[in-house]
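Engineer: Here it is: the structure, laid out below.
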Amino acid sequence: MGSIMKITVIAFGVAREIFGAGSIETELYTDASVGTLRNLLEQKYPRLGDLASYMIAVNSEYAEPNIVLAASDEVAIIPPVSGG
Amino acid sequence: MGSIMKITVIAFGVAREIFGAGSIETELYTDASVGTLRNLLEQKYPRLGDLASYMIAVNSEYAEPNIVLAASDEVAIIPPVSGG
Amino acid sequence: MTEIILTQVPIDIHYGINAVMDPAAGGIDVFIGTVREQTKGKRVLRLEFEAYEKMAVSELAKITAAAFAKWPLLKVVVHHRTGILAVGETAVAIAVSAAHRDAAFEACRFIIDTLKQTVPIWKKEVFEDGEVWVAAHP
Amino acid sequence: MTEIILTQVPIDIHYGINAVMDPAAGGIDVFIGTVREQTKGKRVLRLEFEAYEKMAVSELAKITAAAFAKWPLLKVVVHHRTGILAVGETAVAIAVSAAHRDAAFEACRFIIDTLKQTVPIWKKEVFEDGEVWVAAHP
């Protein structure tokens, strides 16, 4: 508790445009969860909340809000997909 | 009634092998129906009756037994189809 | 646009696909029927397809017309081979384009399913020890 | 056999079809998604596809594995384009071979439907008067 880690969050599609960059860095407590990251990002980038939905992927897997993050994780914002 | 017409019956697949030829000629009364032709052919070629089913086409259309034949019709035996 | 072809030479799948391409198309479904090396555990040497060509074309035209009536389609191409086919060769190729994929999938499925029921084409399977007209006997 | 490819160069549909051909195959179903000239009545100038490539490949591998678990399939090839696509170009091509056509049709349909739900690929539609990330907003 109390210790801080830096997380790099990569973004695609409309999320990349909302961030204004392909990735951003953010600081979190070391026991922070995916849900905590969501809240933090939505405060910093309110337009994320306007999306139809979005997911967070950790190490290329869709991650539920209770998943705990580590500094070494590859974290990505996945706005609504539209491939095909 | 009483008048006789000659009908050419073309055959495909297993029906061609049963006839031993790609077509045969048969004589029918001029008011004969598709059903009459079926009965006649089954008497002459009993192996037709062993088929899973077969249809008769008149002028390239599947024909019900009550259809009346004319000498100018193109008549064909259609054994069970298996294209594709 | 509908194109129906019976051919004694190998089917050019790419021709059919290119023919249904359309700027209004979002989805294209293609079905290709190929000669399997075995059927019910028996090794197939070759298939022989015979068609009542005139009627096969008119029955196929009915099927494609029914598909156009049932789904919003753009273009449909149906090619069926006749003659002697080796294992792996293409017996039938159906390509359907539509604005949306649902229509393309469903119409393509409908065309091959109905073709197998109503189009006067016959297939003889030739094995090492004999041959059989498919579906002829119960 | 499964082959999954994301590519920035035009998709070669014929490569995928040839790759799923198999002497044990009786039916091959191919789905081709192409860029439509309009969407909701607006003229489309081009599409731009962006992918989270590593995850897109792993999600596609999950989908094809699920298809192989659900249906008796022989070979599956999935190609998805990324980058800028003009009207008429192929965005995705899926080819599925199986001994029987039911499995090929159903699995191909499953793969494209699931791809559109779970694979991290995004499409931007570019119009004369603006652009929009498809499905991004309610």
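Every chain in the structure tokens takes a letter, A first, then B, and so on in the order presented; its residues are numbered from 1, and the ligands are numbered from 1 following the presented order.
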From the DSSP assignment of the backbone, select every residue of range 30-70 of chain A that is helix (DSSP H, G or I), and format the answer as a list in words.

Structural biologist: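 Here is the list: Val34, Gly35, Thr36, Leu37, Arg38, Asn39, Leu40, Leu41, Glu42, Gln43, Lys44, Pro46, Arg47, Leu48, Gly49 and Asp50 of chain A.
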
Engineer: Keeping only C-alpha atoms, write the selected residues as a PDB file, in the first residue's frame.

Structural biologist:
```pdb
ATOM      1  CA  VAL A  34      -8.542  -2.318 -13.664  1.00  0.00           C
ATOM      2  CA  GLY A  35     -11.634  -0.660 -12.160  1.00  0.00           C
ATOM      3  CA  THR A  36      -9.476   1.929 -10.405  1.00  0.00           C
ATOM      4  CA  LEU A  37      -7.701   2.667 -13.696  1.00  0.00           C
ATOM      5  CA  ARG A  38     -11.056   3.114 -15.461  1.00  0.00           C
ATOM      6  CA  ASN A  39     -12.214   5.650 -12.881  1.00  0.00           C
ATOM      7  CA  LEU A  40      -8.963   7.563 -13.068  1.00  0.00           C
ATOM      8  CA  LEU A  41      -8.987   7.672 -16.864  1.00  0.00           C
ATOM      9  CA  GLU A  42     -12.622   8.764 -17.027  1.00  0.00           C
ATOM     10  CA  GLN A  43     -11.824  11.678 -14.691  1.00  0.00           C
ATOM     11  CA  LYS A  44      -8.837  12.681 -16.795  1.00  0.00           C
ATOM     12  CA  PRO A  46     -14.298  12.585 -19.693  1.00  0.00           C
ATOM     13  CA  ARG A  47     -14.977  11.775 -23.358  1.00  0.00           C
ATOM     14  CA  LEU A  48     -14.198   8.104 -22.541  1.00  0.00           C
ATOM     15  CA  GLY A  49     -17.506   8.091 -20.665  1.00  0.00           C
ATOM     16  CA  ASP A  50     -19.327   9.153 -23.863  1.00  0.00           C
TER      17      ASP A  50
END
```

Engineer: Sorted by chain and rising residue number, list the residues of chain A at most 12 Å from chain D (counting only C-alpha atoms), each with its closest atom pair and distance in Å to one decimal, as a Markdown table.

Structural biologist:
```
| residue | atom | partner | partner_atom | distance |
| --- | --- | --- | --- | --- |
| A:Ile10 | CA | D:Tyr52 | CA | 9.4 |
| A:Ala11 | CA | D:Tyr52 | CA | 8.8 |
| A:Phe12 | CA | D:Tyr52 | CA | 7.1 |
| A:Gly13 | CA | D:Trp122 | CA | 5.9 |
| A:Val14 | CA | D:Trp133 | CA | 6.2 |
| A:Ala15 | CA | D:Ala136 | CA | 9.1 |
| A:Arg16 | CA | D:Glu50 | CA | 10.6 |
| A:Glu17 | CA | D:Trp133 | CA | 10.1 |
| A:Ile18 | CA | D:Ala136 | CA | 11.6 |
| A:Gly22 | CA | D:Tyr52 | CA | 11.1 |
| A:Arg47 | CA | D:His137 | CA | 10.3 |
| A:Leu48 | CA | D:His137 | CA | 10.0 |
| A:Gly49 | CA | D:His137 | CA | 9.9 |
| A:Asp50 | CA | D:His137 | CA | 6.8 |
| A:Leu51 | CA | D:His137 | CA | 4.8 |
| A:Ala52 | CA | D:His137 | CA | 4.6 |
| A:Ser53 | CA | D:Ala136 | CA | 7.6 |
| A:Tyr54 | CA | D:Ala136 | CA | 8.7 |
| A:Met55 | CA | D:Pro120 | CA | 10.1 |
| A:Ile56 | CA | D:Pro120 | CA | 11.0 |
| A:Ala57 | CA | D:Met55 | CA | 8.8 |
| A:Val58 | CA | D:Met55 | CA | 9.9 |
| A:Asn59 | CA | D:Met55 | CA | 8.3 |
| A:Ser60 | CA | D:Met55 | CA | 4.8 |
| A:Glu61 | CA | D:Met55 | CA | 7.2 |
| A:Tyr62 | CA | D:Thr118 | CA | 9.3 |
| A:Glu74 | CA | D:Met55 | CA | 10.9 |
| A:Val75 | CA | D:Met55 | CA | 11.3 |
| A:Ala76 | CA | D:Tyr52 | CA | 8.8 |
| A:Ile77 | CA | D:Pro120 | CA | 9.9 |
| A:Ile78 | CA | D:Pro120 | CA | 6.8 |
| A:Pro79 | CA | D:Ala136 | CA | 6.5 |
| A:Pro80 | CA | D:Ala136 | CA | 5.4 |
| A:Val81 | CA | D:Trp122 | CA | 5.3 |
| A:Ser82 | CA | D:Trp122 | CA | 4.8 |
| A:Gly83 | CA | D:Ile121 | CA | 4.7 |
| A:Gly84 | CA | D:Val92 | CA | 5.5 |
```

Engineer: Please determine, counting only C-alpha atoms, which residue among D:Thr64, D:Gln8, D:Ala86, D:Thr2 has the shortest atom-to-atom distance to chain C.

Structural biologist: D:Ala86

Engineer: Please, which residues in chain C fall within 8 Å of chain D when counting only C-alpha atoms, and what is the closest atom pair and distance in Å to one decimal for each, ordered by chain then residue number, as a Markdown table?

Structural biologist:
```
| residue | atom | partner | partner_atom | distance |
| --- | --- | --- | --- | --- |
| C:His14 | CA | D:His14 | CA | 6.9 |
| C:Met21 | CA | D:Gly88 | CA | 7.3 |
| C:Asp22 | CA | D:Gly88 | CA | 6.5 |
| C:Pro23 | CA | D:Gly88 | CA | 5.1 |
| C:Ala24 | CA | D:Arg36 | CA | 5.1 |
| C:Ala25 | CA | D:Arg36 | CA | 5.5 |
| C:Gly26 | CA | D:Thr34 | CA | 4.9 |
| C:Gly27 | CA | D:Gly33 | CA | 4.7 |
| C:Ile28 | CA | D:Ile32 | CA | 5.0 |
| C:Asp29 | CA | D:Phe31 | CA | 4.7 |
| C:Val30 | CA | D:Val30 | CA | 4.9 |
| C:Phe31 | CA | D:Asp29 | CA | 4.7 |
| C:Ile32 | CA | D:Ile28 | CA | 5.0 |
| C:Gly33 | CA | D:Gly27 | CA | 4.7 |
| C:Thr34 | CA | D:Gly26 | CA | 4.9 |
| C:Val35 | CA | D:Gly26 | CA | 5.9 |
| C:Arg36 | CA | D:Ala24 | CA | 5.1 |
| C:Glu37 | CA | D:Pro23 | CA | 5.4 |
| C:Gln38 | CA | D:Ala24 | CA | 7.1 |
| C:Val87 | CA | D:Pro23 | CA | 6.2 |
| C:Gly88 | CA | D:Pro23 | CA | 5.1 |
| C:Ala99 | CA | D:Arg36 | CA | 7.4 |
| C:Arg101 | CA | D:Gly33 | CA | 7.9 |
| C:Phe105 | CA | D:Arg109 | CA | 7.6 |
| C:Arg109 | CA | D:Phe105 | CA | 7.6 |
```

Engineer: Write down as number ranges by chain the residues of chain C whose backbone DSSP state falls under strand (DSSP E).

Structural biologist: C: 2-7, 27-34, 38-39, 42-51, 73-81, 83-86, 90-98, 121-127, 130-133

Engineer: Expressed in Å to a single decimal, how great is the separation between CA of Leu69 in chain B and CA of Met5 in chain B?

Structural biologist: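 Interatomic distance here is 9.5 Å.
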
Engineer: What is the distance between CA of Val78 in chain D and CA of Gly16 in chain D, in Å to one decimal?

Structural biologist: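 These two atoms are separated by 7.7 Å.
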